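Chemist: One structure follows; several queries about it will come next.
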Number of protein chains: 2
Amino acid sequence: MKTVRLILIGLGNLGRRLCQVLEEKRDYVRQRYDLDLMLVGAADSRGAAYDPVNGLDPGRLVTIKARGGSIADYPDIGEENWLATALVAAAEADVLLEASPVNLEEGAEPGISCIRTALRRGMHVTTPNKGPLVVAYQELHELAAAHDAQLRFDGTVAGGLPALYLGQRDLRGAVIKRMEAVPNLCTGYVMDMLADGMGWEEATARAYEAGVLEGDGSWDLEGWDAAAKLVILANGVLSQPTGMDDVQRTGITGLAPDQLQSAQARGERYRLLASAEREAEGSYRLSVAPVPLRADHPLGRLGRKQMGVVYETDIYGTITAIIDEPSPVPSAATMLRDVLDIYA
Amino acid sequence: MKTVRLILIGLGNLGRRLCQVLEEKRDYVRQRYDLDLMLVGAADSRGAAYDPVNGLDPGRLVTIKARGGSIADYPDIGEENWLATALVAAAEADVLLEASPVNLEEGAEPGISCIRTALRRGMHVTTPNKGPLVVAYQELHELAAAHDAQLRFDGTVAGGLPALYLGQRDLRGAVIKRMEAVPNLCTGYVMDMLADGMGWEEATARAYEAGVLEGDGSWDLEGWDAAAKLVILANGVLSQPTGMDDVQRTGITGLAPDQLQSAQARGERYRLLASAEREAEGSYRLSVAPVPLRADHPLGRLGRKQMGVVYETDIYGTITAIIDEPSPVPSAATMLRDVLDIYA
């Protein structure tokens, strides 16, 4: 049996759920894939813990975080003020699981530094963190190639849906004529509430309650999140070097509730659609905008906990993939998918 | 640039369309993947042609077949009565594209012999032919492993939809709790016609005209085709050794048109559903049966040219993939997908 040593950065919404998944799946992965996934180190914003011999207990990490603690509180080996970047620089590990928050304001730190350090050390990386990919897609891929390391980021787009893998692997040989995606949950959630007759204040309050909206909300509601995901799809699937400035972006905050209500009365459902349209010369026009979708649109009947992507191709017809994601577990589990894809 | 030498067996519906795809995509594949896909040999039921130096012109093969000819008529190198199995045994090639017809009555010949011969010679194989996989899934996989060759068959299920790849690669680490598939077009096509008020005779006649039904129809209408696809999904995705006898099979011929009409009046749509349900002890109960699907079922709104699959999992939520396949090109192009997946 091969032991795969993991270090995890970030113990928020996704990092904690990944710990649950690692705990629940350890035996299954041993039996099915002959791999022992061993968490040897972890860091959050207050500290870190590292034990290359016995590893860390992912279940214990969940318990510590659930009572408001930090990894620094991990018995015996937790250390206050041990920075994530320092852990990545020092730890002997095979894969970095980078699950720190998106932080485009501060140059995608600390995620981007952790990823750079890991790749330079020849560690594979998997991350659901869009920030580093949006800021430095090309640079990070070149760094990975130069150090013979793999950089995976299937969880950055549409949660647990393998939207990137589908586009990258299963459409090989095809020209994608059009791509459309509903790559996040929260905007659809809010728009459905508005369509049902709520005002803006109540609709966003409900979205916060349901845990689909976070922070001040503008990252999602102004379409930045969808644009970031489109940037990653454009780079990763359409092979078009793309940054945030290349996306024409319209958020949902300009919508009046009665627009949404009358669309619903017509049998249409608004979704914040991220689209790429192939133009004559072969490049793609990229946009994010709220669009009323008819029921016969492939993404026209998405529920509040569903995301999806449509690839219209020349030789594989039109392929639609949809995920029903009732909790953030699938988004977190993409890191397991990536690790198994590298080793299994 | 690496040259990949291909031999193609079978120039029916899929083989001919693959030739079109190979012709149209040759330059694109050279540029994008640095691969030169060269057709060095081909065989149909009347003869074969082989030229390891200059290769065959796929476009010319299409022309010859379109006017009712055989590969034996290929200028200079075509030979009458040169059997497919003999070509595979003699040719120097890297990949066998096995596109002969499904033929379960005669032990899946000649496809199965061609595949065995190719694998024993260390050739990779890709095939959309269900027969050999249904008859000898385990044996062929062991043979491939023993000769370090790859056996791909993504086109056997749901045409151009990567239903198998999705289940095999993107759900790694998950337990599939339930799988449902509408893996072919023709039964849905016929049932929609019946629901629209046609009688059986007219509905099947239309399906023949549209090219979705072939032969005497019983292979499809009695559910054998869907059962064969379920057998491949069960072996390939669910890792459950399965043969045709393990599937509880009900075809659509017992349906009365008024059943379908009243379902349509209720807003439901009948589809021949191939399902796998995980039972307490971890094995799957497999069945094929016509089922009236509500509009809110993930496959409940499939059109006449659409197929799909649903995977209900423990850690990746529920993932649905649907293909809109207006012609058999996507089914044929799965062989290109498989070749690129091996080499690109």
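In the structure tokens, chains take the letters A, B, ... in the order shown, each chain's residues start at 1, and ligands count up from 1 in the order shown.
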Please tabulate, as JSON lines, the residues of chain A that come within 6 Å of chain B, each with its closest pair of atoms and the distance in Å to one decimal, counting only C-alpha atoms and ordering rows by chain, then residue number upward.
Modeler:
```
{"residue": "A:Gly160", "atom": "CA", "partner": "B:Tyr316", "partner_atom": "CA", "distance": 5.6}
{"residue": "A:Arg172", "atom": "CA", "partner": "B:Arg337", "partner_atom": "CA", "distance": 5.7}
{"residue": "A:Ile315", "atom": "CA", "partner": "B:Pro330", "partner_atom": "CA", "distance": 5.4}
{"residue": "A:Tyr316", "atom": "CA", "partner": "B:Pro330", "partner_atom": "CA", "distance": 4.2}
{"residue": "A:Gly317", "atom": "CA", "partner": "B:Glu325", "partner_atom": "CA", "distance": 5.0}
{"residue": "A:Thr318", "atom": "CA", "partner": "B:Asp324", "partner_atom": "CA", "distance": 5.1}
{"residue": "A:Ile319", "atom": "CA", "partner": "B:Ile323", "partner_atom": "CA", "distance": 4.5}
{"residue": "A:Thr320", "atom": "CA", "partner": "B:Ile322", "partner_atom": "CA", "distance": 5.2}
{"residue": "A:Ala321", "atom": "CA", "partner": "B:Ala321", "partner_atom": "CA", "distance": 4.3}
{"residue": "A:Ile322", "atom": "CA", "partner": "B:Thr320", "partner_atom": "CA", "distance": 5.2}
{"residue": "A:Ile323", "atom": "CA", "partner": "B:Ile319", "partner_atom": "CA", "distance": 4.5}
{"residue": "A:Asp324", "atom": "CA", "partner": "B:Thr318", "partner_atom": "CA", "distance": 5.1}
{"residue": "A:Glu325", "atom": "CA", "partner": "B:Gly317", "partner_atom": "CA", "distance": 5.0}
{"residue": "A:Pro330", "atom": "CA", "partner": "B:Tyr316", "partner_atom": "CA", "distance": 4.2}
{"residue": "A:Arg337", "atom": "CA", "partner": "B:Arg172", "partner_atom": "CA", "distance": 5.7}
```
Chemist: Within range 4-97 of chain A, find each residue whose DSSP state, derived from the backbone, is alpha helix (DSSP H), and express the selection as number ranges by chain.
Modeler: A: 13-33, 58-66, 84-90
Chemist: Could those selected residues go to a file with N, CA, C and O atoms, as a short mmCIF file (atom, residue, chain, number, x, y, z; two decimals), in the first residue's frame?
Modeler:
```
data_model
loop_
_atom_site.label_atom_id
_atom_site.label_comp_id
_atom_site.auth_asym_id
_atom_site.auth_seq_id
_atom_site.Cartn_x
_atom_site.Cartn_y
_atom_site.Cartn_z
N ASN A 13 -15.17 26.41 5.79
CA ASN A 13 -16.27 25.61 5.29
C ASN A 13 -15.81 24.35 4.54
O ASN A 13 -16.30 23.25 4.79
N LEU A 14 -14.85 24.51 3.64
CA LEU A 14 -14.42 23.38 2.81
C LEU A 14 -13.38 22.51 3.50
O LEU A 14 -13.44 21.29 3.45
N GLY A 15 -12.41 23.14 4.16
CA GLY A 15 -11.35 22.38 4.80
C GLY A 15 -11.89 21.43 5.86
O GLY A 15 -11.48 20.27 5.95
N ARG A 16 -12.86 21.94 6.64
CA ARG A 16 -13.43 21.08 7.68
C ARG A 16 -14.20 19.91 7.08
O ARG A 16 -14.10 18.78 7.56
N ARG A 17 -14.95 20.20 6.01
CA ARG A 17 -15.70 19.10 5.39
C ARG A 17 -14.76 18.10 4.73
O ARG A 17 -15.03 16.91 4.69
N LEU A 18 -13.65 18.60 4.21
CA LEU A 18 -12.69 17.65 3.66
C LEU A 18 -12.15 16.73 4.75
O LEU A 18 -11.96 15.52 4.54
N CYS A 19 -11.91 17.30 5.94
CA CYS A 19 -11.46 16.45 7.06
C CYS A 19 -12.48 15.35 7.35
O CYS A 19 -12.10 14.19 7.59
N GLN A 20 -13.75 15.71 7.35
CA GLN A 20 -14.80 14.69 7.55
C GLN A 20 -14.71 13.61 6.49
O GLN A 20 -14.78 12.41 6.78
N VAL A 21 -14.57 14.04 5.23
CA VAL A 21 -14.50 13.08 4.13
C VAL A 21 -13.27 12.19 4.28
O VAL A 21 -13.35 10.96 4.11
N LEU A 22 -12.14 12.79 4.63
CA LEU A 22 -10.91 11.99 4.78
C LEU A 22 -11.08 10.96 5.88
O LEU A 22 -10.60 9.82 5.77
N GLU A 23 -11.75 11.36 6.95
CA GLU A 23 -11.95 10.42 8.05
C GLU A 23 -12.89 9.28 7.63
O GLU A 23 -12.58 8.10 7.82
N GLU A 24 -14.01 9.66 7.01
CA GLU A 24 -15.00 8.65 6.61
C GLU A 24 -14.48 7.70 5.54
O GLU A 24 -14.89 6.55 5.47
N LYS A 25 -13.61 8.21 4.67
CA LYS A 25 -13.22 7.44 3.49
C LYS A 25 -11.88 6.73 3.62
O LYS A 25 -11.46 6.05 2.69
N ARG A 26 -11.21 6.89 4.74
CA ARG A 26 -9.84 6.35 4.81
C ARG A 26 -9.80 4.84 4.53
O ARG A 26 -9.02 4.38 3.71
N ASP A 27 -10.67 4.10 5.20
CA ASP A 27 -10.67 2.64 5.01
C ASP A 27 -11.07 2.26 3.59
O ASP A 27 -10.49 1.38 2.97
N TYR A 28 -12.10 2.94 3.08
CA TYR A 28 -12.59 2.65 1.74
C TYR A 28 -11.48 2.87 0.70
O TYR A 28 -11.27 2.05 -0.19
N VAL A 29 -10.76 3.97 0.85
CA VAL A 29 -9.70 4.29 -0.11
C VAL A 29 -8.55 3.29 0.00
O VAL A 29 -7.95 2.90 -1.00
N ARG A 30 -8.28 2.84 1.21
CA ARG A 30 -7.26 1.79 1.38
C ARG A 30 -7.65 0.53 0.63
O ARG A 30 -6.85 -0.05 -0.10
N GLN A 31 -8.89 0.10 0.85
CA GLN A 31 -9.35 -1.15 0.23
C GLN A 31 -9.46 -1.05 -1.28
O GLN A 31 -9.01 -1.91 -2.02
N ARG A 32 -10.06 0.04 -1.74
CA ARG A 32 -10.41 0.14 -3.15
C ARG A 32 -9.20 0.53 -4.00
O ARG A 32 -9.05 0.07 -5.13
N TYR A 33 -8.36 1.45 -3.49
CA TYR A 33 -7.29 1.99 -4.32
C TYR A 33 -5.90 1.65 -3.80
O TYR A 33 -4.90 2.09 -4.38
N PRO A 58 -8.00 13.74 11.38
CA PRO A 58 -8.89 14.73 10.75
C PRO A 58 -10.15 14.97 11.59
O PRO A 58 -10.64 16.11 11.67
N GLY A 59 -10.65 13.92 12.23
CA GLY A 59 -11.85 14.07 13.06
C GLY A 59 -11.59 15.00 14.23
O GLY A 59 -12.45 15.79 14.61
N ARG A 60 -10.39 14.92 14.81
CA ARG A 60 -10.06 15.79 15.93
C ARG A 60 -9.99 17.26 15.48
O ARG A 60 -10.41 18.17 16.20
N LEU A 61 -9.47 17.46 14.27
CA LEU A 61 -9.42 18.83 13.74
C LEU A 61 -10.83 19.41 13.63
O LEU A 61 -11.06 20.58 13.96
N VAL A 62 -11.76 18.59 13.16
CA VAL A 62 -13.14 19.05 13.01
C VAL A 62 -13.70 19.45 14.38
O VAL A 62 -14.32 20.50 14.53
N THR A 63 -13.42 18.62 15.37
CA THR A 63 -13.93 18.90 16.72
C THR A 63 -13.35 20.20 17.27
O THR A 63 -14.06 21.03 17.84
N ILE A 64 -12.04 20.37 17.09
CA ILE A 64 -11.39 21.58 17.60
C ILE A 64 -11.99 22.83 16.94
O ILE A 64 -12.32 23.82 17.61
N LYS A 65 -12.16 22.77 15.61
CA LYS A 65 -12.70 23.93 14.90
C LYS A 65 -14.17 24.18 15.29
O LYS A 65 -14.60 25.33 15.39
N ALA A 66 -14.91 23.07 15.50
CA ALA A 66 -16.33 23.22 15.81
C ALA A 66 -16.54 23.97 17.12
O ALA A 66 -17.53 24.67 17.30
N ALA A 84 0.99 29.30 7.46
CA ALA A 84 0.73 28.28 6.44
C ALA A 84 1.90 28.18 5.47
O ALA A 84 2.36 27.09 5.14
N THR A 85 2.38 29.31 5.01
CA THR A 85 3.48 29.30 4.03
C THR A 85 4.73 28.63 4.62
O THR A 85 5.45 27.92 3.92
N ALA A 86 4.95 28.85 5.91
CA ALA A 86 6.12 28.23 6.55
C ALA A 86 5.93 26.72 6.67
O ALA A 86 6.87 25.94 6.47
N LEU A 87 4.70 26.31 6.97
CA LEU A 87 4.43 24.86 7.03
C LEU A 87 4.69 24.21 5.68
O LEU A 87 5.35 23.17 5.58
N VAL A 88 4.18 24.83 4.61
CA VAL A 88 4.35 24.25 3.27
C VAL A 88 5.84 24.19 2.90
O VAL A 88 6.31 23.24 2.26
N ALA A 89 6.58 25.20 3.34
CA ALA A 89 8.01 25.23 3.02
C ALA A 89 8.78 24.15 3.77
O ALA A 89 9.81 23.66 3.29
N ALA A 90 8.27 23.76 4.94
CA ALA A 90 9.04 22.84 5.79
C ALA A 90 8.58 21.39 5.70
O ALA A 90 9.38 20.46 5.85
#
```
Chemist: What's the 12 Å shell around Gly236 in chain B, counting only C-alpha atoms, without same-chain residues fewer than 5 positions away, as a list in words?
Modeler: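 Everything that qualifies: Leu133, Val134, Tyr137, Gln138, His141, Leu151, Arg152, Phe153, Asp154, Thr156, Val157, Ala163, Leu164, Tyr165, Leu166, Gly167, Gln168, Arg169, Lys229, Leu230, Val231, Pro241 and Thr242 of chain B.
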Chemist: Could you list, as a count of residues only, every residue within 6 Å of Leu221 in chain B, counting only C-alpha atoms and ignoring same-chain residues fewer than 3 positions away?
Modeler: 4
Chemist: Need to verify the contact set: Ala99 in chain A, 7 Å, only C-alpha atoms, exclusion of same-chain residues closer than 5 positions in sequence. Can you return it as an MDAnalysis selection string?
Modeler: chainID A and resid 9:10 14:15 127:129
Chemist: Measuring atom to atom with only C-alpha atoms, identify which of B:Ile112, B:Ala144, B:Leu35, B:Ala48 is nearest to Pro132 in chain B.
Modeler: B:Ile112
Chemist: Just the residues within 6 Å of Leu6 in chain A, please, counting only C-alpha atoms, with nothing from its chain fewer than 6 positions along; format it as a PyMOL selection string.
Modeler: chain A and resi 38-40+93+95-96
Chemist: Residues as selected, N, CA and C atoms, written as a PDB file, in the first residue's frame, can you do that?
Modeler:
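Here's the written file result_35.pdb:
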```pdb
ATOM      1  N   MET A  38      -2.816  10.080   4.294  1.00  0.00           N
ATOM      2  CA  MET A  38      -2.416  10.435   5.658  1.00  0.00           C
ATOM      3  C   MET A  38      -2.227  11.948   5.748  1.00  0.00           C
ATOM      4  N   LEU A  39      -3.017  12.567   6.605  1.00  0.00           N
ATOM      5  CA  LEU A  39      -2.890  14.010   6.809  1.00  0.00           C
ATOM      6  C   LEU A  39      -1.720  14.250   7.762  1.00  0.00           C
ATOM      7  N   VAL A  40      -0.630  14.803   7.245  1.00  0.00           N
ATOM      8  CA  VAL A  40       0.554  14.984   8.104  1.00  0.00           C
ATOM      9  C   VAL A  40       0.687  16.402   8.644  1.00  0.00           C
ATOM     10  N   ALA A  93       5.781  16.271   2.347  1.00  0.00           N
ATOM     11  CA  ALA A  93       4.446  15.817   1.965  1.00  0.00           C
ATOM     12  C   ALA A  93       4.388  15.611   0.461  1.00  0.00           C
ATOM     13  N   VAL A  95       1.175  15.956  -1.320  1.00  0.00           N
ATOM     14  CA  VAL A  95       0.132  16.791  -1.921  1.00  0.00           C
ATOM     15  C   VAL A  95      -0.245  17.912  -0.964  1.00  0.00           C
ATOM     16  N   LEU A  96      -0.356  19.122  -1.532  1.00  0.00           N
ATOM     17  CA  LEU A  96      -0.923  20.242  -0.789  1.00  0.00           C
ATOM     18  C   LEU A  96      -2.404  20.362  -1.132  1.00  0.00           C
TER      19      LEU A  96
END
```
Chemist: Tell me which of B:Asp148, B:Asp94, B:Asp220, B:Asp245 sits closest to Leu8 in chain B, counting only C-alpha atoms.
Modeler: B:Asp94
Chemist: Just give me the gap between CA of Glu80 in chain B and CA of Ile7 in chain B in Å, one decimal is fine.
Modeler: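 Taking CA of Glu80 in chain B and CA of Ile7 in chain B, their separation equals 17.1 Å.
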Chemist: Counting only C-alpha atoms, what is within 12 Å of Glu92 in chain A, bar same-chain residues fewer than 6 positions away, as an MDAnalysis selection string?
Modeler: chainID A and resid 4:7 38:41 50:53 55 118 121:123
Chemist: Between B:Met1, B:Ala181, B:Val102, B:Ile342, single out the one closest to Thr126 in chain B, counting only C-alpha atoms.
Modeler: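 Checking each of B:Met1, B:Ala181, B:Val102, B:Ile342 against Thr126 in chain B, counting only C-alpha atoms, the winner is B:Ile342.
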Chemist: Just give me the gap between CA of Gln240 in chain A and CA of Thr117 in chain A in Å, one decimal is fine.
Modeler: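 Going from CA of Gln240 in chain A over to CA of Thr117 in chain A covers 25.9 Å.
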Chemist: From the list A:Pro101, A:Gly155, A:Pro292, A:Gly47, which residue is nearest Gly131 in chain A when using only C-alpha atoms?
Modeler: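 Of the candidates, the smallest distance to Gly131 in chain A is held by A:Pro101.
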Chemist: Hey, what does DSSP flag as strand (DSSP E) within range 90-239 of chain B? Can you give it to me as a PyMOL selection string?
Modeler: chain B and resi 95-98+124-126+151-152+176-182
